[in-house]
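S.K.: Got a file for you: coords-v3.csv, CSV, C-alpha atoms and all ligand atoms.
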```csv
chain,number,residue,atom,x,y,z
N,8,MET,CA,9.9,65.0,18.8
N,9,ALA,CA,10.1,61.9,21.1
N,10,LEU,CA,9.1,58.3,20.5
N,11,ARG,CA,5.7,59.0,22.3
N,12,ASP,CA,4.9,61.6,19.7
N,13,ILE,CA,4.8,59.1,16.8
N,14,ILE,CA,1.1,59.0,15.8
N,15,GLY,CA,-0.9,55.8,15.0
N,16,GLN,CA,1.7,53.1,15.7
N,17,GLU,CA,0.6,52.1,19.2
N,18,LYS,CA,1.5,48.4,18.7
N,19,ALA,CA,5.0,49.1,17.5
N,20,LEU,CA,5.6,51.7,20.2
N,21,LYS,CA,4.5,49.3,22.9
N,22,ILE,CA,7.1,46.8,21.8
N,23,LEU,CA,9.9,49.4,21.6
N,24,PHE,CA,9.0,51.0,24.9
N,25,GLY,CA,8.8,47.5,26.4
N,26,THR,CA,12.5,46.9,25.5
N,27,LEU,CA,13.5,50.3,27.0
N,28,ARG,CA,11.5,49.7,30.2
N,29,ARG,CA,13.0,46.3,30.8
N,30,ASP,CA,16.4,47.5,29.7
N,31,ARG,CA,16.4,44.7,27.1
N,32,VAL,CA,17.2,46.6,23.9
N,33,PRO,CA,18.0,44.0,21.3
N,34,SER,CA,21.2,44.2,19.2
N,35,THR,CA,19.2,44.4,15.9
N,36,VAL,CA,15.7,45.6,15.3
N,37,LEU,CA,13.9,45.5,11.9
N,38,LEU,CA,11.3,48.2,11.6
N,39,SER,CA,9.1,47.0,8.7
N,40,GLY,CA,6.0,48.3,7.0
N,41,ASP,CA,4.9,50.6,4.1
N,42,ALA,CA,6.8,53.7,3.2
N,43,GLY,CA,5.7,56.9,4.8
N,44,ILE,CA,4.2,55.6,8.1
N,45,GLY,CA,6.8,56.6,10.6
N,46,LYS,CA,9.4,53.8,10.7
N,47,MET,CA,12.4,56.1,10.2
N,48,ARG,CA,11.2,58.7,12.7
N,49,SER,CA,10.6,55.9,15.2
N,50,ALA,CA,14.1,54.5,14.6
N,51,VAL,CA,15.7,58.0,15.2
N,52,ASN,CA,13.6,58.5,18.4
N,53,TYR,CA,14.4,55.0,19.6
N,54,ALA,CA,18.1,55.8,19.2
N,55,LYS,CA,17.6,59.0,21.1
N,56,ALA,CA,15.8,57.1,23.9
N,57,VAL,CA,18.6,54.5,24.1
N,58,ASN,CA,21.3,57.1,24.5
N,59,CYS,CA,19.5,59.9,26.4
N,60,PRO,CA,21.2,60.6,29.8
N,61,SER,CA,18.0,61.9,31.3
N,62,PRO,CA,15.1,59.8,30.0
N,63,VAL,CA,11.5,60.6,30.8
N,64,GLU,CA,9.3,57.6,31.4
N,65,ASP,CA,11.5,55.3,29.3
N,66,ASP,CA,11.4,57.8,26.4
N,67,CYS,CA,14.1,60.4,25.4
N,68,CYS,CA,13.9,63.8,27.0
N,69,ASP,CA,14.1,65.4,23.6
N,70,ARG,CA,16.0,68.4,25.0
N,71,CYS,CA,19.4,67.4,26.1
N,72,ALA,CA,22.6,67.7,24.0
N,73,SER,CA,22.5,64.0,23.1
N,74,CYS,CA,18.9,64.1,21.8
N,75,ARG,CA,19.6,67.3,19.9
N,76,LYS,CA,22.8,65.9,18.3
N,77,THR,CA,20.9,62.8,17.2
N,78,ASP,CA,18.2,65.0,15.7
N,79,THR,CA,20.7,67.0,13.7
N,80,GLY,CA,22.7,64.0,12.6
N,81,VAL,CA,25.9,65.0,14.5
N,82,HIS,CA,25.8,62.5,17.4
N,83,PRO,CA,29.2,60.7,17.4
N,84,ASP,CA,27.6,57.4,18.3
N,85,VAL,CA,24.7,57.5,15.9
N,86,ALA,CA,25.2,56.9,12.2
N,87,THR,CA,22.7,56.6,9.3
N,88,LEU,CA,23.3,54.5,6.2
N,89,LEU,CA,21.3,55.2,3.1
N,90,PRO,CA,21.3,53.5,-0.4
N,91,GLU,CA,23.5,55.2,-3.0
N,92,GLU,CA,22.0,55.1,-6.5
N,93,GLY,CA,19.3,52.8,-5.2
N,94,GLU,CA,21.6,50.2,-3.7
N,95,ILE,CA,23.5,49.5,-0.4
N,96,LYS,CA,26.8,48.1,-1.4
N,97,ILE,CA,29.5,46.2,0.4
N,98,ASP,CA,31.7,49.3,1.0
N,99,ALA,CA,28.9,50.9,3.0
N,100,VAL,CA,28.5,47.8,5.1
N,101,ARG,CA,32.2,47.8,5.8
N,102,ARG,CA,31.9,51.4,7.0
N,103,LEU,CA,29.1,50.4,9.2
N,104,GLU,CA,31.2,47.6,10.7
N,105,GLU,CA,34.0,50.0,11.4
N,106,ALA,CA,31.7,52.5,13.1
N,107,LEU,CA,30.2,49.7,15.3
N,108,SER,CA,33.6,48.3,16.2
N,109,LEU,CA,34.5,51.5,18.2
N,110,LYS,CA,33.3,52.0,21.8
N,111,PRO,CA,30.6,54.5,22.3
N,112,PHE,CA,32.1,58.0,22.8
N,113,GLU,CA,29.4,59.5,24.9
N,114,GLY,CA,26.2,57.4,24.6
N,115,ARG,CA,25.4,54.0,26.0
N,116,ARG,CA,25.3,52.4,22.6
N,117,LYS,CA,26.8,52.8,19.1
N,118,VAL,CA,23.7,53.0,16.9
N,119,VAL,CA,23.5,52.5,13.1
N,120,ILE,CA,20.2,53.2,11.4
N,121,VAL,CA,20.0,51.6,7.9
N,122,ASP,CA,17.3,53.2,5.9
N,123,ASP,CA,15.9,51.1,3.0
N,124,ALA,CA,17.8,48.2,4.3
N,125,ASP,CA,16.1,46.0,1.7
N,126,ALA,CA,18.2,47.8,-0.9
N,127,MET,CA,21.3,45.8,0.2
N,128,ASN,CA,22.7,43.9,-2.7
N,129,LEU,CA,23.8,40.3,-2.2
N,130,ASN,CA,27.4,40.9,-1.4
N,131,ALA,CA,26.4,43.6,1.1
N,132,ALA,CA,23.9,41.3,2.7
N,133,ASN,CA,26.4,38.5,3.1
N,134,ALA,CA,28.9,40.8,4.7
N,135,PHE,CA,26.2,42.3,6.9
N,136,LEU,CA,25.2,38.8,8.0
N,137,LYS,CA,28.6,38.3,9.6
N,138,THR,CA,28.1,41.5,11.7
N,139,LEU,CA,24.7,40.2,12.8
N,140,GLU,CA,26.0,36.9,13.8
N,141,GLU,CA,28.5,38.5,16.2
N,142,PRO,CA,27.2,42.0,16.9
N,143,PRO,CA,29.8,44.2,18.6
N,144,ARG,CA,29.1,44.9,22.3
N,145,ASP,CA,27.1,48.0,23.1
N,146,SER,CA,25.8,48.2,19.5
N,147,LEU,CA,22.3,48.7,18.2
N,148,ILE,CA,21.5,48.2,14.5
N,149,LEU,CA,18.1,49.5,13.3
N,150,LEU,CA,17.0,48.2,9.9
N,151,VAL,CA,14.2,50.2,8.3
N,152,ALA,CA,12.5,48.4,5.4
N,153,SER,CA,9.3,48.8,3.4
N,154,ASN,CA,9.9,45.6,1.6
N,155,PRO,CA,11.4,43.3,4.3
N,156,ASP,CA,11.0,40.3,1.9
N,157,GLY,CA,13.8,41.9,-0.1
N,158,LEU,CA,16.1,40.9,2.8
N,159,PRO,CA,17.5,37.4,3.0
N,160,ASP,CA,15.8,35.1,5.5
N,161,THR,CA,19.1,34.7,7.3
N,162,ILE,CA,19.1,38.4,8.1
N,163,ARG,CA,15.5,38.7,9.0
N,164,SER,CA,15.6,35.7,11.4
N,165,ARG,CA,18.3,37.4,13.4
N,166,CYS,CA,16.3,40.6,14.0
N,167,THR,CA,13.6,41.5,16.4
N,168,THR,CA,10.9,42.6,14.0
N,169,VAL,CA,8.6,45.5,14.8
N,170,ARG,CA,5.8,46.0,12.3
N,171,PHE,CA,4.3,49.3,11.4
N,172,TYR,CA,0.9,49.6,9.7
N,173,PRO,CA,-0.8,52.3,7.5
N,174,LEU,CA,-2.6,54.9,9.7
N,175,PRO,CA,-6.4,55.0,10.1
N,176,ASP,CA,-7.9,58.1,8.4
N,177,GLU,CA,-8.3,60.2,11.6
N,178,GLU,CA,-4.7,59.7,12.7
N,179,CYS,CA,-3.4,60.3,9.2
N,180,ARG,CA,-5.4,63.6,9.3
N,181,ARG,CA,-3.7,64.5,12.6
N,182,VAL,CA,-0.3,64.0,11.0
N,183,LEU,CA,-1.2,66.0,7.9
N,184,SER,CA,-3.2,68.9,9.3
N,185,GLY,CA,-0.9,71.8,9.8
N,186,ALA,CA,1.5,70.5,7.1
N,187,VAL,CA,-1.0,70.5,4.2
N,188,GLU,CA,-3.2,73.4,3.1
N,189,ALA,CA,-6.7,73.0,4.6
N,190,GLY,CA,-8.4,73.1,1.2
N,191,ALA,CA,-6.2,70.3,-0.1
N,192,LEU,CA,-6.4,68.2,3.0
N,193,ASP,CA,-9.2,65.8,2.0
N,194,ALA,CA,-7.7,65.1,-1.4
N,195,VAL,CA,-4.2,64.5,0.0
N,196,LEU,CA,-5.6,62.3,2.7
N,197,ARG,CA,-7.3,60.1,0.2
N,198,LEU,CA,-4.2,59.8,-2.0
N,199,SER,CA,-1.9,59.1,0.9
N,200,MET,CA,-3.9,56.0,1.9
N,201,GLY,CA,-2.8,55.9,5.5
N,202,ARG,CA,0.8,56.8,4.6
N,203,PRO,CA,1.1,60.5,5.6
N,204,GLY,CA,4.9,60.5,5.2
N,205,LEU,CA,4.4,60.1,1.4
N,206,ALA,CA,2.2,63.2,1.4
N,207,LEU,CA,4.7,65.2,3.4
N,208,SER,CA,7.7,64.3,1.3
N,209,ARG,CA,5.9,64.5,-2.1
N,210,ASP,CA,3.3,66.7,-3.6
N,211,LEU,CA,0.6,64.2,-4.2
N,212,ALA,CA,-1.9,66.7,-5.7
N,213,ALA,CA,0.8,67.8,-8.2
N,214,GLU,CA,1.6,64.1,-9.0
N,215,ARG,CA,-2.1,63.4,-9.7
N,216,ALA,CA,-2.3,66.4,-12.0
N,217,TRP,CA,0.9,65.3,-13.8
N,218,PHE,CA,-0.5,61.8,-14.2
N,219,LEU,CA,-3.8,63.0,-15.7
N,220,LYS,CA,-2.0,65.4,-18.0
N,221,LEU,CA,0.2,62.6,-19.5
N,222,LEU,CA,-2.8,60.3,-19.6
N,223,GLY,CA,-4.6,62.9,-21.7
N,224,SER,CA,-1.7,63.1,-24.1
N,225,MET,CA,-1.5,59.4,-24.2
N,226,VAL,CA,-5.2,58.9,-25.0
N,227,GLN,CA,-5.1,61.5,-27.7
N,228,GLY,CA,-2.1,59.8,-29.3
N,229,ASP,CA,0.2,62.7,-28.6
N,230,ALA,CA,3.6,61.1,-28.0
N,231,ARG,CA,5.6,64.4,-27.6
N,232,GLU,CA,5.4,64.1,-23.9
N,233,VAL,CA,6.8,60.8,-22.9
N,234,TRP,CA,8.2,60.1,-19.4
N,235,GLU,CA,11.5,61.7,-18.5
N,236,ASP,CA,13.2,58.6,-17.1
N,237,LYS,CA,12.7,55.3,-15.4
N,238,ASN,CA,11.7,56.9,-12.1
N,239,ALA,CA,9.1,58.9,-13.9
N,240,ILE,CA,7.7,55.7,-15.5
N,241,LYS,CA,7.5,54.1,-12.0
N,242,ALA,CA,5.8,57.1,-10.5
N,243,TRP,CA,3.3,57.3,-13.4
N,244,LEU,CA,2.5,53.6,-13.3
N,245,ASP,CA,1.9,53.9,-9.5
N,246,GLN,CA,-0.6,56.6,-10.2
N,247,ALA,CA,-2.1,54.6,-13.1
N,248,ILE,CA,-2.6,51.6,-10.8
N,249,LEU,CA,-4.5,53.8,-8.3
N,250,PHE,CA,-6.5,55.3,-11.1
N,251,LEU,CA,-7.6,51.8,-12.3
N,252,ARG,CA,-8.4,50.9,-8.8
N,253,ASP,CA,-10.8,53.8,-8.8
N,254,ARG,CA,-12.5,52.6,-11.9
N,255,VAL,CA,-13.0,49.1,-10.5
N,256,VAL,CA,-14.3,50.5,-7.2
N,257,PHE,CA,-16.7,52.7,-9.1
N,258,SER,CA,-17.9,49.9,-11.3
N,259,VAL,CA,-18.6,47.8,-8.2
N,260,THR,CA,-20.1,50.4,-5.8
N,261,GLY,CA,-21.4,53.0,-8.2
N,262,SER,CA,-20.4,55.5,-5.6
N,263,GLY,CA,-17.8,58.3,-6.0
N,264,SER,CA,-17.2,58.7,-2.3
N,265,ASP,CA,-14.3,56.3,-1.9
N,266,LEU,CA,-12.5,57.3,-5.1
N,267,LEU,CA,-8.9,58.6,-4.8
N,268,TYR,CA,-9.1,60.3,-8.2
N,269,GLY,CA,-12.8,61.2,-7.9
N,270,ALA,CA,-14.3,63.5,-10.5
N,271,ASP,CA,-11.2,65.6,-10.9
N,272,PRO,CA,-11.9,69.0,-12.4
N,273,ALA,CA,-8.4,69.0,-13.8
N,274,SER,CA,-8.9,65.8,-15.8
N,275,PRO,CA,-8.4,66.4,-19.5
N,276,LEU,CA,-10.6,63.5,-20.3
N,277,PRO,CA,-14.2,63.8,-21.3
N,278,ASP,CA,-16.6,63.1,-18.4
N,279,SER,CA,-13.8,62.8,-15.9
N,280,ALA,CA,-11.8,59.7,-16.4
N,281,PRO,CA,-12.8,57.2,-13.8
N,282,LEU,CA,-16.5,57.8,-14.1
N,283,GLY,CA,-16.4,57.8,-17.8
N,284,GLY,CA,-20.2,57.8,-18.1
N,285,ARG,CA,-20.6,54.3,-16.9
N,286,GLY,CA,-20.7,52.4,-13.7
N,287,GLY,CA,-23.4,51.6,-11.2
N,288,GLY,CA,-26.3,52.3,-13.5
N,289,SER,CA,-25.2,50.4,-16.6
N,290,ALA,CA,-26.6,47.2,-17.7
N,291,GLY,CA,-25.1,44.2,-15.9
N,292,GLU,CA,-23.4,42.5,-18.9
N,293,GLN,CA,-21.8,45.7,-20.1
N,294,ALA,CA,-20.6,46.6,-16.7
N,295,ASP,CA,-19.0,43.1,-16.3
N,296,ARG,CA,-17.2,43.7,-19.6
N,297,PHE,CA,-15.8,47.0,-18.4
N,298,LEU,CA,-14.8,45.5,-15.1
N,299,ALA,CA,-12.9,42.7,-16.9
N,300,ALA,CA,-11.2,45.2,-19.1
N,301,ASP,CA,-10.1,47.3,-16.1
N,302,PHE,CA,-8.7,44.2,-14.3
N,303,ASP,CA,-6.9,43.2,-17.4
N,304,ALA,CA,-5.3,46.6,-17.8
N,305,TYR,CA,-4.5,46.6,-14.1
N,306,ARG,CA,-2.7,43.3,-14.4
N,307,GLN,CA,-0.7,44.4,-17.4
N,308,LEU,CA,0.4,47.6,-15.8
N,309,LEU,CA,1.3,45.8,-12.6
N,310,SER,CA,3.5,43.4,-14.5
N,311,LEU,CA,5.1,46.2,-16.5
N,312,ARG,CA,5.8,47.9,-13.1
N,313,GLY,CA,7.6,44.7,-12.0
N,314,LEU,CA,9.8,44.7,-15.1
N,315,LEU,CA,11.1,48.2,-14.7
N,316,ASP,CA,14.2,47.1,-13.0
N,317,PHE,CA,15.3,45.7,-16.3
N,318,ASN,CA,16.2,48.1,-19.0
N,319,LEU,CA,12.9,48.8,-20.7
N,320,ASN,CA,12.9,51.1,-23.7
N,321,LYS,CA,11.0,54.2,-22.8
N,322,SER,CA,9.1,54.8,-26.0
N,323,ILE,CA,8.2,51.2,-26.5
N,324,SER,CA,6.8,51.2,-23.0
N,325,TRP,CA,5.0,54.4,-23.7
N,326,ASN,CA,3.4,52.9,-26.8
N,327,TYR,CA,2.5,49.7,-25.0
N,328,VAL,CA,0.8,51.6,-22.1
N,329,ALA,CA,-0.9,54.0,-24.5
N,330,GLN,CA,-2.5,51.2,-26.3
N,331,ILE,CA,-3.8,49.7,-23.1
N,332,MET,CA,-5.2,53.0,-21.8
N,333,ARG,CA,-6.6,54.1,-25.2
N,334,ALA,CA,-8.5,50.8,-25.5
N,335,LEU,CA,-9.8,51.2,-22.0
N,336,MET,CA,-11.0,54.8,-22.5
N,337,ALA,CA,-12.6,54.0,-25.8
N,338,HIS,CA,-14.7,51.3,-24.1
N,339,SER,CA,-15.8,53.4,-21.2
N,340,CYS,CA,-16.7,56.7,-22.9
M,401,ZN,ZN,17.7,63.5,26.0
```
Rewrite the structure of this file - the entire thing - as structure tokens.
M.R.:
Amino acid sequence: MALRDIIGQEKALKILFGTLRRDRVPSTVLLSGDAGIGKMRSAVNYAKAVNCPSPVEDDCCDRCASCRKTDTGVHPDVATLLPEEGEIKIDAVRRLEEALSLKPFEGRRKVVIVDDADAMNLNAANAFLKTLEEPPRDSLILLVASNPDGLPDTIRSRCTTVRFYPLPDEECRRVLSGAVEAGALDAVLRLSMGRPGLALSRDLAAERAWFLKLLGSMVQGDAREVWEDKNAIKAWLDQAILFLRDRVVFSVTGSGSDLLYGADPASPLPDSAPLGGRGGGSAGEQADRFLAADFDAYRQLLSLRGLLDFNLNKSISWNYVAQIMRALMAHSC
């Protein structure tokens, strides 16, 4: 694939192609935006375009040895840095500095792509700042971040920022079709919410089934199946937040067409959870009460989600969430 093959990011591509056309490639670019919308692919293909010896209309040729080596991760002038155990530490930044200090072997520039750059811890960020202040000649640093606010201002202000946005439905469908089974395409499309990369790297339909299964156990007071670990709690709460969003949307619109969870036949809950036998047709006052309860639960889960980086006890968290969800289900059924 080449840079021009990235779908649904015309604005970002226009900026990147502009720098290539004018031969004004900056020393540091921050590619920011939600996870799963093409930032990393764009970074890799931008690196290919910068170093390709036979570019085609400012883009890479996607066929030469240089392009192929970058694609397979063996180009001597292109390095990728990833978080280890959720963090980018100072040692990794030192390795990056070392890589950049050498002259390019065969390309025009030494390129380092830092994925999840916002996972840099404070020491790493401070060390990295020094590199940004005096970038080595012929170097290009590409920072990829879904939460750019997690980077210090001092770093962000030294980058050329290129923003990426979630894809419109039709373009998301173009990315997903072929990669997702036709029968599941509509459901996966709704769940990916414009972030097709999420659907390609994870099985969203299976996550939804897993969420509903645990919710069922939870509501029935069965605590044998708690979450496996902190990542599972995070993933489950992300789903719970979408699920509550559905309930609120249904309360307000009374229509099932925009729901992510919809009337899921796999739901273990009576009446299919989000619909719960209420919604558009219910008397105003009662509907308002349901809506307030949904918002309340939504807020509580969101704040619990924010606390997960601290060491929360798994079974206390389970009981806490179970209490919220049981109260909610009892109201609505
Ligand atoms: Zn090439």
S.K.: Around ligand ZN 401 (chain M), which protein and nucleic acid residues have at least one atom no more than 6 Å from it, if we count all atoms listed in the file? List them as a PyMOL selection string.
M.R.: chain N and resi 59-61+67-71+73-74
S.K.: Just the residues within 12 Å of region 100-105 of chain N, please, counting all atoms listed in the file, with nothing from its chain fewer than 6 positions along; format it as a PyMOL selection string.
M.R.: chain N and resi 84-90+94+117-121+124+126-139+141-143+146-149
S.K.: So how far away is CA of Arg170 (chain N) from CA of Lys46 (chain N), in Å?
M.R.: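 Distance between the two atoms: 8.7 Å.
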S.K.: At what distance in Å, to one decimal, does CA of Thr35 (chain N) lie from CA of Lys110 (chain N)?
M.R.: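 Computing the Euclidean distance for CA of Lys110 (chain N) and CA of Thr35 (chain N) yields 17.1 Å.
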S.K.: In Å, rounded to a single decimal, give me how far CA of Pro175 (chain N) is from CA of Gly15 (chain N).
M.R.: 7.4 Å
S.K.: With only C-alpha atoms as the atoms that count, which of N:Pro155, N:Pro62, N:Gly25, N:Gly80 lies nearest to Leu38 (chain N)?
M.R.: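 Looking at the shortest contact to Leu38 (chain N), the residue is N:Pro155.
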S.K.: List every protein, DNA or RNA residue that has an atom no more than 12 Å from (5.1, 48.5, 6.7) in the file's coordinate frame, counting only C-alpha atoms, and report them as a VMD selection string.
M.R.: chain N and resid 16 19 37 to 47 123 151 to 156 168 to 174 201 to 202
S.K.: Which polymer residues have any atom within 12 Å of an atom of Gln307 (chain N), counting all atoms listed in the file, with same-chain residues fewer than 2 positions away left out, as a list of chain:residue names?
M.R.: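 Result of the neighbour search: N:Leu244, N:Ala247, N:Ile248, N:Leu251, N:Ala300, N:Asp301, N:Phe302, N:Asp303, N:Ala304, N:Tyr305, N:Leu309, N:Ser310, N:Leu311, N:Arg312, N:Gly313, N:Leu314, N:Ser324, N:Tyr327, N:Val328, N:Ala329, N:Gln330, N:Ile331, N:Met332.
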S.K.: Counting only C-alpha atoms, figure out which residue out of N:Asp236, N:Asp210, N:Glu17, N:Glu92 gets nearest to Asn318 (chain N).
M.R.: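 So, comparing all the options, the nearest one is N:Asp236.
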S.K.: Using all atoms listed in the file, which residues sit within 8 Å of Ala212 (chain N) once same-chain residues fewer than 5 positions away are excluded, as a ChimeraX atom specification?
M.R.: /N:191,194-195
S.K.: Neighbours of Phe218 (chain N) within 9 Å (only C-alpha atoms; same-chain residues fewer than 4 positions away dropped), as a list in words?
M.R.: Ala213, Glu214, Leu222, Gly223, Ala242, Trp243, Leu244, Gln246 and Ala247 of chain N
S.K.: Which protein, DNA or RNA residues have an atom at most 7 Å from (9.3, 56.5, -19.8), counting all atoms listed in the file? List them as a ChimeraX atom specification.
M.R.: /N:233-237,239-240,321-322,324-325
S.K.: Just want the 12 Å neighbourhood of Ala9 (chain N), counted on only C-alpha atoms, with same-chain residues fewer than 5 positions away dropped. Output as number ranges by chain.
M.R.: N: 14, 20, 24, 48-57, 59, 62-71, 74-75, 77-78
S.K.: Taking the partial coordinates given, rebuild region 196-212 of chain N to contain N, CA and C atoms; return it as an mmCIF file, in the coordinates of the input.
M.R.:
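Once everything was written out, this is result.cif:
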```cif
data_model
loop_
_atom_site.group_PDB
_atom_site.id
_atom_site.type_symbol
_atom_site.label_atom_id
_atom_site.label_comp_id
_atom_site.auth_asym_id
_atom_site.auth_seq_id
_atom_site.Cartn_x
_atom_site.Cartn_y
_atom_site.Cartn_z
ATOM 1 N N LEU N 196 -5.357 63.435 1.815
ATOM 2 C CA LEU N 196 -5.600 62.300 2.700
ATOM 3 C C LEU N 196 -6.035 61.072 1.981
ATOM 4 N N ARG N 197 -6.909 61.246 0.980
ATOM 5 C CA ARG N 197 -7.300 60.100 0.200
ATOM 6 C C ARG N 197 -6.164 59.480 -0.560
ATOM 7 N N LEU N 198 -5.360 60.337 -1.157
ATOM 8 C CA LEU N 198 -4.200 59.800 -2.000
ATOM 9 C C LEU N 198 -3.134 59.201 -1.131
ATOM 10 N N SER N 199 -3.001 59.632 0.117
ATOM 11 C CA SER N 199 -1.900 59.100 0.900
ATOM 12 C C SER N 199 -2.238 57.702 1.443
ATOM 13 N N MET N 200 -3.485 57.323 1.452
ATOM 14 C CA MET N 200 -3.900 56.000 1.900
ATOM 15 C C MET N 200 -3.257 55.519 3.157
ATOM 16 N N GLY N 201 -3.317 56.339 4.177
ATOM 17 C CA GLY N 201 -2.800 55.900 5.500
ATOM 18 C C GLY N 201 -1.274 56.060 5.592
ATOM 19 N N ARG N 202 -0.638 56.663 4.579
ATOM 20 C CA ARG N 202 0.800 56.800 4.600
ATOM 21 C C ARG N 202 1.175 58.299 4.541
ATOM 22 N N PRO N 203 0.967 59.005 5.655
ATOM 23 C CA PRO N 203 1.100 60.500 5.600
ATOM 24 C C PRO N 203 2.507 60.927 5.215
ATOM 25 N N GLY N 204 3.522 60.113 5.506
ATOM 26 C CA GLY N 204 4.900 60.500 5.200
ATOM 27 C C GLY N 204 5.059 60.711 3.672
ATOM 28 N N LEU N 205 4.301 59.944 2.893
ATOM 29 C CA LEU N 205 4.400 60.100 1.400
ATOM 30 C C LEU N 205 3.873 61.480 1.039
ATOM 31 N N ALA N 206 2.783 61.880 1.701
ATOM 32 C CA ALA N 206 2.200 63.200 1.400
ATOM 33 C C ALA N 206 3.097 64.315 1.808
ATOM 34 N N LEU N 207 3.856 64.099 2.894
ATOM 35 C CA LEU N 207 4.700 65.200 3.400
ATOM 36 C C LEU N 207 5.989 65.293 2.579
ATOM 37 N N SER N 208 6.430 64.173 2.016
ATOM 38 C CA SER N 208 7.700 64.300 1.300
ATOM 39 C C SER N 208 7.442 64.528 -0.207
ATOM 40 N N ARG N 209 6.218 64.311 -0.676
ATOM 41 C CA ARG N 209 5.900 64.500 -2.100
ATOM 42 C C ARG N 209 4.670 65.344 -2.230
ATOM 43 N N ASP N 210 4.528 65.972 -3.352
ATOM 44 C CA ASP N 210 3.300 66.700 -3.600
ATOM 45 C C ASP N 210 2.322 65.853 -4.340
ATOM 46 N N LEU N 211 1.449 65.197 -3.551
ATOM 47 C CA LEU N 211 0.600 64.200 -4.200
ATOM 48 C C LEU N 211 -0.430 64.831 -5.137
ATOM 49 N N ALA N 212 -0.905 66.041 -4.797
ATOM 50 C CA ALA N 212 -1.900 66.700 -5.700
ATOM 51 C C ALA N 212 -1.216 67.000 -7.033
#
```
